[in-house]
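Since the structure comes first, as structure tokens, the remarks are kept for the end.
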Amino acid sequence: LAASRALSRTGARRLANGEQLWSAVRASGGPCGSASGICTIPVGETWVLDSDMDVGALLVEGTLLWDTSIGGITLAAGFVVAEGAGRISIGSPEAPMERMATVYIKANGASHPYVGERVFGGYSAGADEGASTALPTVQVHGRPLQRTWSLLAATAPAAASTLFLAHDPAAMGWRVGDRIGIAATTGVQPGLPPRSEGTTHTITSVVGGGGTSGYPLGIFPPLRWAAAGGSQTVEGFTVGISAEVVNLARSVVLTGDDFSRVSAAAGGGVGPAGLHHMADCPGCAFVGNAIEDSAQGGITIHQTHRALVRHNVMWNTRGNGIYTEDGNEMGNQIIENVVVCSTAQEC
């Protein structure tokens, strides 16, 4: 995923008691003022990220709050890990991060003693053993989307620049400029070139309301291949065959020097996004994320129970899309997610 830097930074956050601006902390020097130093937010301290941070690695034992009034901030580090009762907060349900925010994980060799290199997340020793010690909190709430994907309500011919969706894009929260992916609906025969591929486009128009043929959505570039929508006739039977249309745009982006190896994990482990050794965790949730072009699957649930994985979209996640690692994970709700490979060769 690539994030474009916002050109303007607006608003001003009022500091609560005990909060410190990162810009002031950085000016004091030390390891937190160096692009190669291991920076630690101490227990009991709250830092407000009001400008770019570039450090060797970041340990959060206190609290890191992202200033949601400022767009275009980048946090760059070899790993970003909350430990103990540490807390990382990029937006909240009440005040989501609507502006662009980027966490950039560097391939600089920095390694956390347990979760290893190139990780964004939290770690607590003994979490999976029911330890009563305080646990870290990592919450990321970006621009809200009521739905992250829809279906084509009608077949879109090749060269079409308007799609008709099964759901109202305006009501879903989709906007002009968002990137979308459209799944292929034509089969692939071994040894022959694909007759269609999943393709990505930019939304050019969003019109509220729709008719019997669906809700219109303008796109660019136009479709290279036709994509099925609504009902199709197969061997004399009428069946529903519709291309998935997924929204890939997010206001908070996790990327890095080699995004295919970036891990956003709780508890340690492998995979682009995962819940590892979180035990009984009804408060754990991956909701509404977009994962693209990963080299090691999409979302992994490992020795974690009663978590929520919902409304996520995965585009060209090589290997598995959503994976319960040991097979004994119980009570997890895996609901309304979409996994798309643009071609069989990509995944």
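Residue names in the structure tokens use chain letters A, B, ... in the order shown, residue numbers from 1 in each chain, and ligand numbers from 1 in the order shown.
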
Picked from range 31-101 of chain A by DSSP as strand (DSSP E or B), as JSON, numbers by chain: {"A": [38, 39, 40, 41, 46, 47, 48, 49, 53, 54, 57, 58, 59, 60, 63, 64, 65, 66, 73, 74, 75, 76, 77, 80, 81, 82, 83, 87, 88, 89, 90, 97, 101]}

Writer output for current selection, N, CA, C and O atoms, as a tab-separated table (two decimals), in the first residue's frame:
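Wrote again-v1.tsv, looks like this:
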```tsv
chain	number	residue	atom	x	y	z
A	38	ILE	N	17.09	3.42	19.68
A	38	ILE	CA	15.92	2.72	20.21
A	38	ILE	C	15.23	3.67	21.18
A	38	ILE	O	15.76	3.99	22.25
A	39	CYS	N	14.06	4.13	20.80
A	39	CYS	CA	13.33	5.13	21.57
A	39	CYS	C	12.29	4.44	22.44
A	39	CYS	O	11.58	3.54	21.98
A	40	THR	N	12.21	4.85	23.72
A	40	THR	CA	11.24	4.26	24.64
A	40	THR	C	10.36	5.36	25.24
A	40	THR	O	10.87	6.37	25.73
A	41	ILE	N	9.05	5.17	25.18
A	41	ILE	CA	8.12	6.03	25.89
A	41	ILE	C	7.95	5.43	27.28
A	41	ILE	O	7.38	4.34	27.42
A	46	THR	N	2.82	10.22	28.47
A	46	THR	CA	1.98	10.22	27.28
A	46	THR	C	2.56	11.19	26.28
A	46	THR	O	2.72	12.38	26.57
A	47	TRP	N	2.92	10.66	25.12
A	47	TRP	CA	3.45	11.48	24.04
A	47	TRP	C	2.40	11.63	22.97
A	47	TRP	O	1.77	10.65	22.56
A	48	VAL	N	2.24	12.86	22.49
A	48	VAL	CA	1.29	13.14	21.41
A	48	VAL	C	2.10	13.33	20.13
A	48	VAL	O	2.94	14.22	20.04
A	49	LEU	N	1.85	12.46	19.14
A	49	LEU	CA	2.59	12.52	17.89
A	49	LEU	C	2.02	13.64	17.02
A	49	LEU	O	0.98	13.48	16.38
A	53	MET	N	8.01	11.14	13.06
A	53	MET	CA	8.96	10.49	13.96
A	53	MET	C	9.76	9.48	13.14
A	53	MET	O	9.18	8.63	12.46
A	54	ASP	N	11.08	9.57	13.20
A	54	ASP	CA	11.96	8.62	12.51
A	54	ASP	C	13.00	8.14	13.51
A	54	ASP	O	13.92	8.88	13.87
A	57	ALA	N	13.85	2.21	16.43
A	57	ALA	CA	12.72	1.37	16.87
A	57	ALA	C	12.01	2.12	17.98
A	57	ALA	O	12.58	3.01	18.61
A	58	LEU	N	10.75	1.74	18.23
A	58	LEU	CA	9.95	2.43	19.24
A	58	LEU	C	9.32	1.41	20.17
A	58	LEU	O	8.55	0.54	19.73
A	59	LEU	N	9.66	1.51	21.46
A	59	LEU	CA	9.02	0.73	22.52
A	59	LEU	C	8.07	1.65	23.26
A	59	LEU	O	8.46	2.73	23.71
A	60	VAL	N	6.82	1.22	23.41
A	60	VAL	CA	5.82	2.04	24.08
A	60	VAL	C	5.45	1.36	25.39
A	60	VAL	O	4.70	0.38	25.41
A	63	THR	N	2.22	5.78	26.85
A	63	THR	CA	1.13	5.96	25.88
A	63	THR	C	1.60	6.80	24.70
A	63	THR	O	2.25	7.84	24.89
A	64	LEU	N	1.28	6.35	23.49
A	64	LEU	CA	1.50	7.13	22.28
A	64	LEU	C	0.14	7.46	21.69
A	64	LEU	O	-0.63	6.58	21.33
A	65	LEU	N	-0.17	8.76	21.62
A	65	LEU	CA	-1.42	9.24	21.02
A	65	LEU	C	-1.11	9.96	19.72
A	65	LEU	O	-0.29	10.88	19.70
A	66	TRP	N	-1.73	9.53	18.64
A	66	TRP	CA	-1.56	10.20	17.35
A	66	TRP	C	-2.49	11.40	17.31
A	66	TRP	O	-3.68	11.28	17.61
A	73	ILE	N	1.26	12.82	8.83
A	73	ILE	CA	2.36	12.43	9.72
A	73	ILE	C	2.78	11.00	9.40
A	73	ILE	O	1.96	10.12	9.13
A	74	THR	N	4.11	10.75	9.44
A	74	THR	CA	4.67	9.42	9.27
A	74	THR	C	5.49	9.03	10.49
A	74	THR	O	6.33	9.81	10.96
A	75	LEU	N	5.23	7.85	11.02
A	75	LEU	CA	6.04	7.24	12.07
A	75	LEU	C	6.87	6.15	11.41
A	75	LEU	O	6.31	5.17	10.89
A	76	ALA	N	8.20	6.32	11.40
A	76	ALA	CA	9.10	5.36	10.77
A	76	ALA	C	9.99	4.73	11.83
A	76	ALA	O	10.61	5.43	12.63
A	77	ALA	N	10.04	3.39	11.85
A	77	ALA	CA	10.84	2.67	12.83
A	77	ALA	C	11.02	1.23	12.37
A	77	ALA	O	10.24	0.72	11.56
A	80	VAL	N	7.55	-1.16	16.05
A	80	VAL	CA	6.77	-0.33	16.97
A	80	VAL	C	5.98	-1.30	17.84
A	80	VAL	O	5.06	-1.97	17.35
A	81	VAL	N	6.33	-1.41	19.12
A	81	VAL	CA	5.73	-2.43	19.98
A	81	VAL	C	5.32	-1.80	21.31
A	81	VAL	O	6.12	-1.13	21.97
A	82	ALA	N	4.06	-2.04	21.69
A	82	ALA	CA	3.59	-1.66	23.03
A	82	ALA	C	3.82	-2.83	23.97
A	82	ALA	O	3.47	-3.97	23.65
A	83	GLU	N	4.41	-2.56	25.15
A	83	GLU	CA	4.71	-3.60	26.12
A	83	GLU	C	4.07	-3.26	27.46
A	83	GLU	O	3.76	-2.10	27.75
A	87	ARG	N	0.30	1.68	25.55
A	87	ARG	CA	-0.87	1.93	24.72
A	87	ARG	C	-0.48	2.73	23.49
A	87	ARG	O	0.18	3.76	23.59
A	88	ILE	N	-0.90	2.23	22.33
A	88	ILE	CA	-0.76	2.95	21.07
A	88	ILE	C	-2.15	3.27	20.57
A	88	ILE	O	-2.99	2.36	20.43
A	89	SER	N	-2.42	4.54	20.30
A	89	SER	CA	-3.76	4.94	19.88
A	89	SER	C	-3.66	5.84	18.65
A	89	SER	O	-3.14	6.96	18.73
A	90	ILE	N	-4.13	5.30	17.52
A	90	ILE	CA	-4.26	6.10	16.30
A	90	ILE	C	-5.74	6.24	16.03
A	90	ILE	O	-6.38	5.38	15.43
A	97	MET	N	-9.20	8.56	13.02
A	97	MET	CA	-8.18	9.28	12.27
A	97	MET	C	-8.65	9.40	10.82
A	97	MET	O	-8.47	8.49	10.02
A	101	ALA	N	-2.43	9.03	7.75
A	101	ALA	CA	-1.42	8.70	8.75
A	101	ALA	C	-0.69	7.46	8.27
A	101	ALA	O	-1.31	6.51	7.80
```

Extract, using only C-alpha atoms, all DNA, RNA and protein residues at most 8 Å from Gly86 in chain A, discarding same-chain residues fewer than 5 positions from it, and format them as a list in words.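 Listing them by chain and then by number gives Val43, Val60, Glu61, Gly62, Thr63, Leu135, Pro136 and Thr137 of chain A.
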
Output all heavy atoms for every residue in that selection, as a short mmCIF file (atom, residue, chain, number, x, y, z; two decimals), in the first residue's frame.
```
data_model
loop_
_atom_site.label_atom_id
_atom_site.label_comp_id
_atom_site.auth_asym_id
_atom_site.auth_seq_id
_atom_site.Cartn_x
_atom_site.Cartn_y
_atom_site.Cartn_z
N VAL A 43 6.99 4.36 31.19
CA VAL A 43 5.75 4.15 31.94
C VAL A 43 5.32 5.46 32.58
O VAL A 43 6.13 6.22 33.12
CB VAL A 43 5.97 3.08 33.04
CG1 VAL A 43 4.74 2.97 33.93
CG2 VAL A 43 6.32 1.74 32.41
N VAL A 60 6.82 1.22 23.41
CA VAL A 60 5.82 2.04 24.08
C VAL A 60 5.45 1.36 25.39
O VAL A 60 4.70 0.38 25.41
CB VAL A 60 4.58 2.24 23.20
CG1 VAL A 60 3.57 3.14 23.91
CG2 VAL A 60 4.97 2.85 21.85
N GLU A 61 5.99 1.88 26.48
CA GLU A 61 5.64 1.39 27.81
C GLU A 61 4.63 2.32 28.47
O GLU A 61 3.93 1.93 29.40
CB GLU A 61 6.89 1.25 28.67
CG GLU A 61 7.88 0.23 28.10
CD GLU A 61 9.19 0.18 28.87
OE1 GLU A 61 9.40 1.06 29.76
OE2 GLU A 61 10.01 -0.71 28.60
N GLY A 62 4.58 3.55 27.99
CA GLY A 62 3.57 4.52 28.42
C GLY A 62 2.47 4.58 27.39
O GLY A 62 1.87 3.56 27.04
N THR A 63 2.22 5.78 26.85
CA THR A 63 1.13 5.96 25.88
C THR A 63 1.60 6.80 24.70
O THR A 63 2.25 7.84 24.89
CB THR A 63 -0.08 6.66 26.54
OG1 THR A 63 -0.57 5.84 27.60
CG2 THR A 63 -1.20 6.89 25.53
N LEU A 135 -2.07 -5.69 30.30
CA LEU A 135 -1.83 -6.01 28.90
C LEU A 135 -1.74 -4.73 28.09
O LEU A 135 -2.39 -3.73 28.40
CB LEU A 135 -2.96 -6.88 28.35
CG LEU A 135 -3.15 -8.25 29.02
CD1 LEU A 135 -4.36 -8.96 28.42
CD2 LEU A 135 -1.91 -9.10 28.86
N PRO A 136 -0.95 -4.74 27.01
CA PRO A 136 -0.86 -3.56 26.17
C PRO A 136 -2.13 -3.38 25.34
O PRO A 136 -2.90 -4.33 25.14
CB PRO A 136 0.34 -3.86 25.27
CG PRO A 136 0.38 -5.36 25.20
CD PRO A 136 -0.08 -5.84 26.55
N THR A 137 -2.32 -2.17 24.86
CA THR A 137 -3.47 -1.84 24.00
C THR A 137 -2.97 -1.22 22.72
O THR A 137 -2.15 -0.30 22.75
CB THR A 137 -4.41 -0.85 24.70
OG1 THR A 137 -4.91 -1.44 25.91
CG2 THR A 137 -5.59 -0.48 23.80
#
```

Within 12 Å of Gly321 in chain A, counting only C-alpha atoms, which residues qualify if same-chain residues fewer than 3 places away don't, as a VMD selection string? chain A and resid 271 to 274 290 to 301 309 312 to 318 324 to 325 334 337 to 341 347

Which of range 143-325 of chain A end up as helix (DSSP H, G or I) when DSSP is run on this backbone - answer as a PyMOL selection string? chain A and resi 169-172+259-261

Requested write-out: N, CA, C and O atoms of the selected residues, as a PDB file, in the first residue's frame:
```pdb
ATOM      1  N   PRO A 169     -22.949   3.253  -2.851  1.00  0.00           N
ATOM      2  CA  PRO A 169     -21.585   3.627  -2.465  1.00  0.00           C
ATOM      3  C   PRO A 169     -21.528   4.826  -1.531  1.00  0.00           C
ATOM      4  O   PRO A 169     -20.658   4.891  -0.655  1.00  0.00           O
ATOM      5  N   ALA A 170     -22.440   5.766  -1.690  1.00  0.00           N
ATOM      6  CA  ALA A 170     -22.451   6.926  -0.788  1.00  0.00           C
ATOM      7  C   ALA A 170     -22.776   6.491   0.630  1.00  0.00           C
ATOM      8  O   ALA A 170     -22.148   6.942   1.594  1.00  0.00           O
ATOM      9  N   ALA A 171     -23.758   5.605   0.782  1.00  0.00           N
ATOM     10  CA  ALA A 171     -24.122   5.111   2.116  1.00  0.00           C
ATOM     11  C   ALA A 171     -23.019   4.266   2.717  1.00  0.00           C
ATOM     12  O   ALA A 171     -22.873   4.198   3.939  1.00  0.00           O
ATOM     13  N   MET A 172     -22.212   3.620   1.873  1.00  0.00           N
ATOM     14  CA  MET A 172     -21.096   2.807   2.371  1.00  0.00           C
ATOM     15  C   MET A 172     -19.925   3.670   2.832  1.00  0.00           C
ATOM     16  O   MET A 172     -18.996   3.174   3.471  1.00  0.00           O
ATOM     17  N   PHE A 259       6.934  -4.059   1.886  1.00  0.00           N
ATOM     18  CA  PHE A 259       5.648  -4.228   2.550  1.00  0.00           C
ATOM     19  C   PHE A 259       5.231  -5.680   2.645  1.00  0.00           C
ATOM     20  O   PHE A 259       4.507  -6.066   3.555  1.00  0.00           O
ATOM     21  N   SER A 260       5.692  -6.520   1.733  1.00  0.00           N
ATOM     22  CA  SER A 260       5.267  -7.912   1.758  1.00  0.00           C
ATOM     23  C   SER A 260       5.738  -8.628   3.012  1.00  0.00           C
ATOM     24  O   SER A 260       5.252  -9.707   3.326  1.00  0.00           O
ATOM     25  N   ARG A 261       6.670  -8.023   3.776  1.00  0.00           N
ATOM     26  CA  ARG A 261       7.161  -8.665   4.989  1.00  0.00           C
ATOM     27  C   ARG A 261       6.740  -7.938   6.260  1.00  0.00           C
ATOM     28  O   ARG A 261       7.149  -8.313   7.353  1.00  0.00           O
TER      29      ARG A 261
END
```

Would you work out the distance separating CA of Gly230 in chain A from CA of Arg175 in chain A, expressed in Å to one decimal?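 Straight-line distance from CA of Gly230 in chain A to CA of Arg175 in chain A works out to 23.5 Å.
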
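Summary of the local environment: counting only C-alpha atoms, residues at most 8 Å from Glu117 in chain A, other than itself and those fewer than 3 positions away along its chain, are Gly78, Phe79, Gly109, Ala110, Ser111 and His112 of chain A.
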